[in-house]
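See below for coords03.cif, which holds mmCIF, C-alpha atoms.
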```cif
data_my_file
#
loop_
_atom_site.group_PDB
_atom_site.id
_atom_site.type_symbol
_atom_site.label_atom_id
_atom_site.label_comp_id
_atom_site.auth_asym_id
_atom_site.auth_seq_id
_atom_site.Cartn_x
_atom_site.Cartn_y
_atom_site.Cartn_z
ATOM 1 C CA MET A 1 -1.123 13.513 15.945
ATOM 2 C CA LYS A 2 0.057 10.064 16.975
ATOM 3 C CA VAL A 3 -2.667 7.744 18.218
ATOM 4 C CA THR A 4 -1.821 5.695 21.296
ATOM 5 C CA SER A 5 -2.432 1.961 21.697
ATOM 6 C CA GLU A 6 -4.883 2.692 24.475
ATOM 7 C CA HIS A 7 -6.904 4.966 22.229
ATOM 8 C CA LEU A 8 -6.891 2.369 19.447
ATOM 9 C CA GLU A 9 -8.088 -0.277 21.942
ATOM 10 C CA TRP A 10 -10.900 2.070 22.986
ATOM 11 C CA LEU A 11 -11.838 2.715 19.340
ATOM 12 C CA ILE A 12 -11.903 -1.010 18.528
ATOM 13 C CA ALA A 13 -14.100 -1.634 21.580
ATOM 14 C CA LYS A 14 -16.491 1.098 20.390
ATOM 15 C CA VAL A 15 -16.460 -0.375 16.868
ATOM 16 C CA ALA A 16 -17.368 -3.773 18.364
ATOM 17 C CA LEU A 17 -20.487 -2.059 19.726
ATOM 18 C CA GLY A 18 -21.344 -0.760 16.238
ATOM 19 C CA ASP A 19 -20.158 2.845 16.754
ATOM 20 C CA GLN A 20 -19.739 4.263 13.244
ATOM 21 C CA ALA A 21 -18.084 7.463 14.464
ATOM 22 C CA ALA A 22 -15.405 5.403 16.223
ATOM 23 C CA PHE A 23 -14.950 3.355 13.052
ATOM 24 C CA LYS A 24 -14.444 6.541 11.017
ATOM 25 C CA GLU A 25 -11.888 7.781 13.553
ATOM 26 C CA LEU A 26 -10.110 4.408 13.448
ATOM 27 C CA TYR A 27 -10.085 4.553 9.645
ATOM 28 C CA ASP A 28 -8.718 8.103 9.616
ATOM 29 C CA ALA A 29 -5.997 7.165 12.101
ATOM 30 C CA CYS A 30 -4.813 3.993 10.372
ATOM 31 C CA ALA A 31 -5.797 3.921 6.680
ATOM 32 C CA SER A 32 -2.662 5.509 5.244
ATOM 33 C CA ARG A 33 -0.390 3.197 7.236
ATOM 34 C CA PHE A 34 -2.399 0.135 6.181
ATOM 35 C CA ASN A 35 -2.365 1.306 2.587
ATOM 36 C CA GLY A 36 1.434 1.456 2.794
ATOM 37 C CA ILE A 37 1.601 -2.065 4.224
ATOM 38 C CA ALA A 38 -0.605 -3.411 1.437
ATOM 39 C CA TYR A 39 1.335 -1.501 -1.220
ATOM 40 C CA ARG A 40 4.660 -2.985 -0.077
ATOM 41 C CA VAL A 41 3.211 -6.447 -0.678
ATOM 42 C CA VAL A 42 1.278 -6.005 -3.931
ATOM 43 C CA ARG A 43 3.143 -3.051 -5.525
ATOM 44 C CA ASP A 44 -0.069 -1.685 -7.053
ATOM 45 C CA LEU A 45 -1.723 1.388 -5.552
ATOM 46 C CA ASP A 46 -5.247 0.545 -6.732
ATOM 47 C CA ILE A 47 -5.056 -2.991 -5.374
ATOM 48 C CA ALA A 48 -3.520 -1.679 -2.132
ATOM 49 C CA ASN A 49 -6.479 0.689 -1.757
ATOM 50 C CA GLU A 50 -8.901 -2.216 -2.285
ATOM 51 C CA ILE A 51 -7.046 -4.336 0.271
ATOM 52 C CA THR A 52 -7.204 -1.505 2.806
ATOM 53 C CA GLN A 53 -10.970 -1.190 2.301
ATOM 54 C CA GLU A 54 -11.448 -4.954 2.600
ATOM 55 C CA ALA A 55 -9.296 -5.052 5.734
ATOM 56 C CA PHE A 56 -11.393 -2.347 7.380
ATOM 57 C CA ILE A 57 -14.550 -4.302 6.594
ATOM 58 C CA GLN A 58 -12.952 -7.320 8.262
ATOM 59 C CA ILE A 59 -11.887 -5.176 11.227
ATOM 60 C CA TRP A 60 -15.485 -3.945 11.543
ATOM 61 C CA LYS A 61 -16.849 -7.501 11.459
ATOM 62 C CA ASN A 62 -14.196 -9.012 13.773
ATOM 63 C CA SER A 63 -13.672 -6.140 16.207
ATOM 64 C CA ALA A 64 -15.436 -8.076 18.988
ATOM 65 C CA ASP A 65 -12.748 -10.785 18.631
ATOM 66 C CA PHE A 66 -9.905 -8.381 19.412
ATOM 67 C CA ASN A 67 -8.236 -9.177 22.738
ATOM 68 C CA PRO A 68 -5.840 -6.497 24.044
ATOM 69 C CA ALA A 69 -4.291 -9.076 26.377
ATOM 70 C CA THR A 70 -2.935 -11.094 23.448
ATOM 71 C CA SER A 71 -1.802 -8.364 21.017
ATOM 72 C CA GLN A 72 -1.455 -4.662 20.436
ATOM 73 C CA PRO A 73 -4.274 -3.117 18.369
ATOM 74 C CA MET A 74 -1.963 -1.949 15.583
ATOM 75 C CA THR A 75 -0.349 -5.399 15.416
ATOM 76 C CA TRP A 76 -3.747 -7.100 15.200
ATOM 77 C CA MET A 77 -5.052 -4.765 12.484
ATOM 78 C CA SER A 78 -1.768 -4.772 10.527
ATOM 79 C CA ALA A 79 -1.831 -8.572 10.486
ATOM 80 C CA ILE A 80 -5.302 -8.466 8.919
ATOM 81 C CA VAL A 81 -4.012 -6.104 6.227
ATOM 82 C CA ARG A 82 -0.889 -8.205 5.563
ATOM 83 C CA TYR A 83 -2.830 -11.473 5.318
ATOM 84 C CA ARG A 84 -5.319 -9.913 2.913
ATOM 85 C CA ALA A 85 -2.462 -8.471 0.843
ATOM 86 C CA TYR A 86 -0.627 -11.810 0.639
ATOM 87 C CA ASP A 87 -3.884 -13.575 -0.228
ATOM 88 C CA ARG A 88 -4.486 -11.064 -3.009
ATOM 89 C CA LYS A 89 -0.929 -11.431 -4.273
ATOM 90 C CA ARG A 90 -1.311 -15.229 -4.417
ATOM 91 C CA TYR A 91 -4.638 -14.829 -6.188
ATOM 92 C CA GLU A 92 -3.223 -12.391 -8.752
ATOM 93 C CA SER A 93 -0.173 -14.548 -9.441
ATOM 94 C CA SER A 94 -2.329 -17.663 -9.909
ATOM 95 C CA ARG A 95 -4.448 -15.754 -12.433
ATOM 96 C CA LEU A 96 -1.313 -14.844 -14.388
ATOM 97 C CA GLU A 97 0.077 -18.387 -14.483
ATOM 98 C CA GLY A 98 -2.316 -19.451 -17.218
ATOM 99 C CA ARG A 99 -1.262 -16.536 -19.440
ATOM 100 C CA TRP A 100 2.365 -17.683 -19.832
ATOM 101 C CA THR A 101 3.627 -20.453 -22.059
ATOM 102 C CA GLU A 102 7.038 -22.049 -22.201
ATOM 103 C CA ALA A 103 8.906 -21.182 -25.379
ATOM 104 C CA GLU A 104 11.517 -23.254 -27.146
ATOM 105 C CA LYS A 105 14.745 -23.754 -25.266
ATOM 106 C CA ASP A 106 17.777 -21.923 -26.475
ATOM 107 C CA ASP A 107 21.450 -22.315 -25.520
ATOM 108 C CA GLU A 108 20.785 -20.473 -22.231
ATOM 109 C CA GLY A 109 17.997 -22.824 -21.079
ATOM 110 C CA ALA A 110 14.240 -22.382 -21.016
ATOM 111 C CA VAL A 111 12.918 -19.016 -22.085
ATOM 112 C CA PHE A 112 9.420 -17.916 -21.184
ATOM 113 C CA GLN A 113 7.294 -15.735 -23.365
ATOM 114 C CA PRO A 114 3.833 -14.344 -22.816
ATOM 115 C CA ALA A 115 0.901 -16.099 -24.418
ATOM 116 C CA SER A 116 -0.256 -12.692 -25.664
ATOM 117 C CA GLU A 117 1.884 -10.636 -28.025
ATOM 118 C CA GLN A 118 0.969 -7.399 -26.241
ATOM 119 C CA GLU A 119 2.352 -8.359 -22.836
ATOM 120 C CA SER A 120 6.056 -8.962 -22.437
ATOM 121 C CA VAL A 121 8.585 -9.203 -19.656
ATOM 122 C CA PRO A 122 10.976 -6.753 -21.356
ATOM 123 C CA LEU A 123 8.182 -4.172 -21.379
ATOM 124 C CA ILE A 124 7.628 -4.692 -17.649
ATOM 125 C CA CYS A 125 11.378 -4.336 -17.039
ATOM 126 C CA ARG A 126 11.490 -1.130 -19.082
ATOM 127 C CA ILE A 127 8.579 0.300 -17.109
ATOM 128 C CA ASP A 128 10.288 -0.606 -13.828
ATOM 129 C CA ASP A 129 13.573 0.947 -15.008
ATOM 130 C CA LYS A 130 11.732 4.057 -16.175
ATOM 131 C CA LEU A 131 9.953 4.384 -12.824
ATOM 132 C CA ASN A 132 13.258 4.077 -10.958
ATOM 133 C CA THR A 133 14.811 6.707 -13.217
ATOM 134 C CA CYS A 134 11.876 9.078 -12.738
ATOM 135 C CA PHE A 135 11.799 8.471 -8.991
ATOM 136 C CA SER A 136 15.522 9.250 -8.759
ATOM 137 C CA ALA A 137 14.905 12.548 -10.570
ATOM 138 C CA LEU A 138 12.587 13.795 -7.809
ATOM 139 C CA HIS A 139 13.935 16.371 -5.378
ATOM 140 C CA GLY A 140 14.974 14.989 -1.992
ATOM 141 C CA ARG A 141 11.917 16.197 -0.068
ATOM 142 C CA GLU A 142 9.520 14.966 -2.772
ATOM 143 C CA ARG A 143 11.211 11.570 -2.913
ATOM 144 C CA GLN A 144 11.141 11.294 0.888
ATOM 145 C CA ALA A 145 7.450 12.287 1.024
ATOM 146 C CA ILE A 146 6.476 9.664 -1.576
ATOM 147 C CA LEU A 147 8.422 6.986 0.306
ATOM 148 C CA MET A 148 6.901 7.951 3.642
ATOM 149 C CA ALA A 149 3.343 8.065 2.267
ATOM 150 C CA TYR A 150 3.240 5.107 -0.102
ATOM 151 C CA TYR A 151 6.029 2.818 1.061
ATOM 152 C CA TYR A 152 6.045 3.271 4.830
ATOM 153 C CA GLY A 153 2.381 4.268 5.170
ATOM 154 C CA HIS A 154 2.850 7.398 7.278
ATOM 155 C CA SER A 155 -0.113 9.727 7.619
ATOM 156 C CA ARG A 156 0.066 13.309 6.389
ATOM 157 C CA SER A 157 0.093 14.561 9.969
ATOM 158 C CA GLU A 158 3.064 12.323 10.812
ATOM 159 C CA MET A 159 4.851 13.606 7.729
ATOM 160 C CA ALA A 160 4.056 17.198 8.674
ATOM 161 C CA GLU A 161 5.674 16.538 12.048
ATOM 162 C CA TYR A 162 8.714 14.933 10.403
ATOM 163 C CA PHE A 163 9.203 17.775 7.888
ATOM 164 C CA ASP A 164 8.151 20.411 10.449
ATOM 165 C CA CYS A 165 5.642 22.033 8.106
ATOM 166 C CA PRO A 166 1.837 22.327 7.749
ATOM 167 C CA ILE A 167 -0.232 19.378 6.468
ATOM 168 C CA ASN A 168 -1.280 21.404 3.415
ATOM 169 C CA SER A 169 2.395 21.712 2.481
ATOM 170 C CA ILE A 170 2.705 17.922 2.672
ATOM 171 C CA LYS A 171 -0.289 17.556 0.371
ATOM 172 C CA SER A 172 1.339 19.970 -2.083
ATOM 173 C CA ILE A 173 4.680 18.168 -1.944
ATOM 174 C CA ILE A 174 3.015 14.805 -2.643
ATOM 175 C CA ARG A 175 0.831 16.221 -5.421
ATOM 176 C CA ARG A 176 3.845 17.902 -7.035
ATOM 177 C CA ALA A 177 5.905 14.705 -6.784
ATOM 178 C CA ILE A 178 3.158 12.570 -8.331
ATOM 179 C CA THR A 179 2.717 15.087 -11.142
ATOM 180 C CA ARG A 180 6.467 15.040 -11.833
ATOM 181 C CA LEU A 181 6.471 11.236 -11.821
ATOM 182 C CA GLN A 182 3.518 11.116 -14.242
ATOM 183 C CA THR A 183 5.147 13.656 -16.556
ATOM 184 C CA CYS A 184 8.432 11.781 -16.517
ATOM 185 C CA LEU A 185 6.739 8.422 -17.147
ATOM 186 C CA ASP A 186 4.697 9.861 -20.025
ATOM 187 C CA ASN A 187 7.853 11.053 -21.835
#
```
Can the structure from this file be put into structure tokens for me?
Amino acid sequence: MKVTSEHLEWLIAKVALGDQAAFKELYDACASRFNGIAYRVVRDLDIANEITQEAFIQIWKNSADFNPATSQPMTWMSAIVRYRAYDRKRYESSRLEGRWTEAEKDDEGAVFQPASEQESVPLICRIDDKLNTCFSALHGRERQAILMAYYYGHSRSEMAEYFDCPINSIKSIIRRAITRLQTCLDN
């Protein structure tokens, strides 16, 4: 079920009055999309989940500031998620800066190596390559479902509409795809 802008405006107005049921409905309607927005920025599912939770807390606190005359509700809420995600990304990257040291220069120019022996760029590249390989091995519908859920932030009901199948089938497709990805990555 697609939620209209008018309904979102109504929910935000109810949230501004402290209506917890409206807040739950707003969360249910928008969380997966916001999680997808955050994931596209930070590329870490756990951090994206945290950002989504933090954004909803901010939406709860600032809902009285929302003005439907100046922006659409989804635009206003998505901006909160994006700003929190970019703030988190800046924070995480600043934490990592102190862990890298410049190595000796070779014929190619400066080479960077991690301060710790256990963390290395080649390892990160291998993991990224492995993930791409495993993702490519998924069946078309599984690959599409993962992209829609975690990259584009579509809800399960939107995906069920797109695939023209029940929501439980979408859950199964996603679960099967994640299991296949985990199995592939573990090998």
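For the atom pair formed by CA of Val81 (chain A) and CA of Asn35 (chain A), the distance is 8.4 Å, given to one decimal.
Remark: for His154 (chain A), the closest of the candidate residues A:Tyr27, A:Phe34, A:Trp76, A:Tyr39 is A:Phe34 (distances computed over only C-alpha atoms).
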May I have the centre and edge lengths, in Å to one decimal, of an axis-aligned box around the listed atoms of region 85-89 of chain A with 3 Å added to every side, as AutoDock Vina command-line options?
```
--center_x -2.6 --center_y -11.0 --center_z -1.7 --size_x 9.9 --size_y 11.1 --size_z 11.1
```
Test item: residues at most 12 Å from region 149-153 of chain A, all atoms listed in the file, excluding those fewer than 6 positions along its chain, as an MDAnalysis selection string: chainID A and resid 29:46 48:49 52 78 142:143 159:160 162 170:171 173:175 177:178
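Minimum atom-to-atom distances from A:Glu54, A:Cys165, A:Asp65, A:Thr70 to Arg88 (chain A) were compared using only C-alpha atoms, and the lowest value belongs to A:Glu54.
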Point-to-point distance in Å for CA of Phe56 (chain A) and CA of Lys14 (chain A): 14.4 Å
Identify all residues satisfying the PyMOL selection byres ((chain A and resi 186) around 12) in the given file; provide them as a VMD selection string. chain A and resid 127 130 to 131 134 179 to 185 187
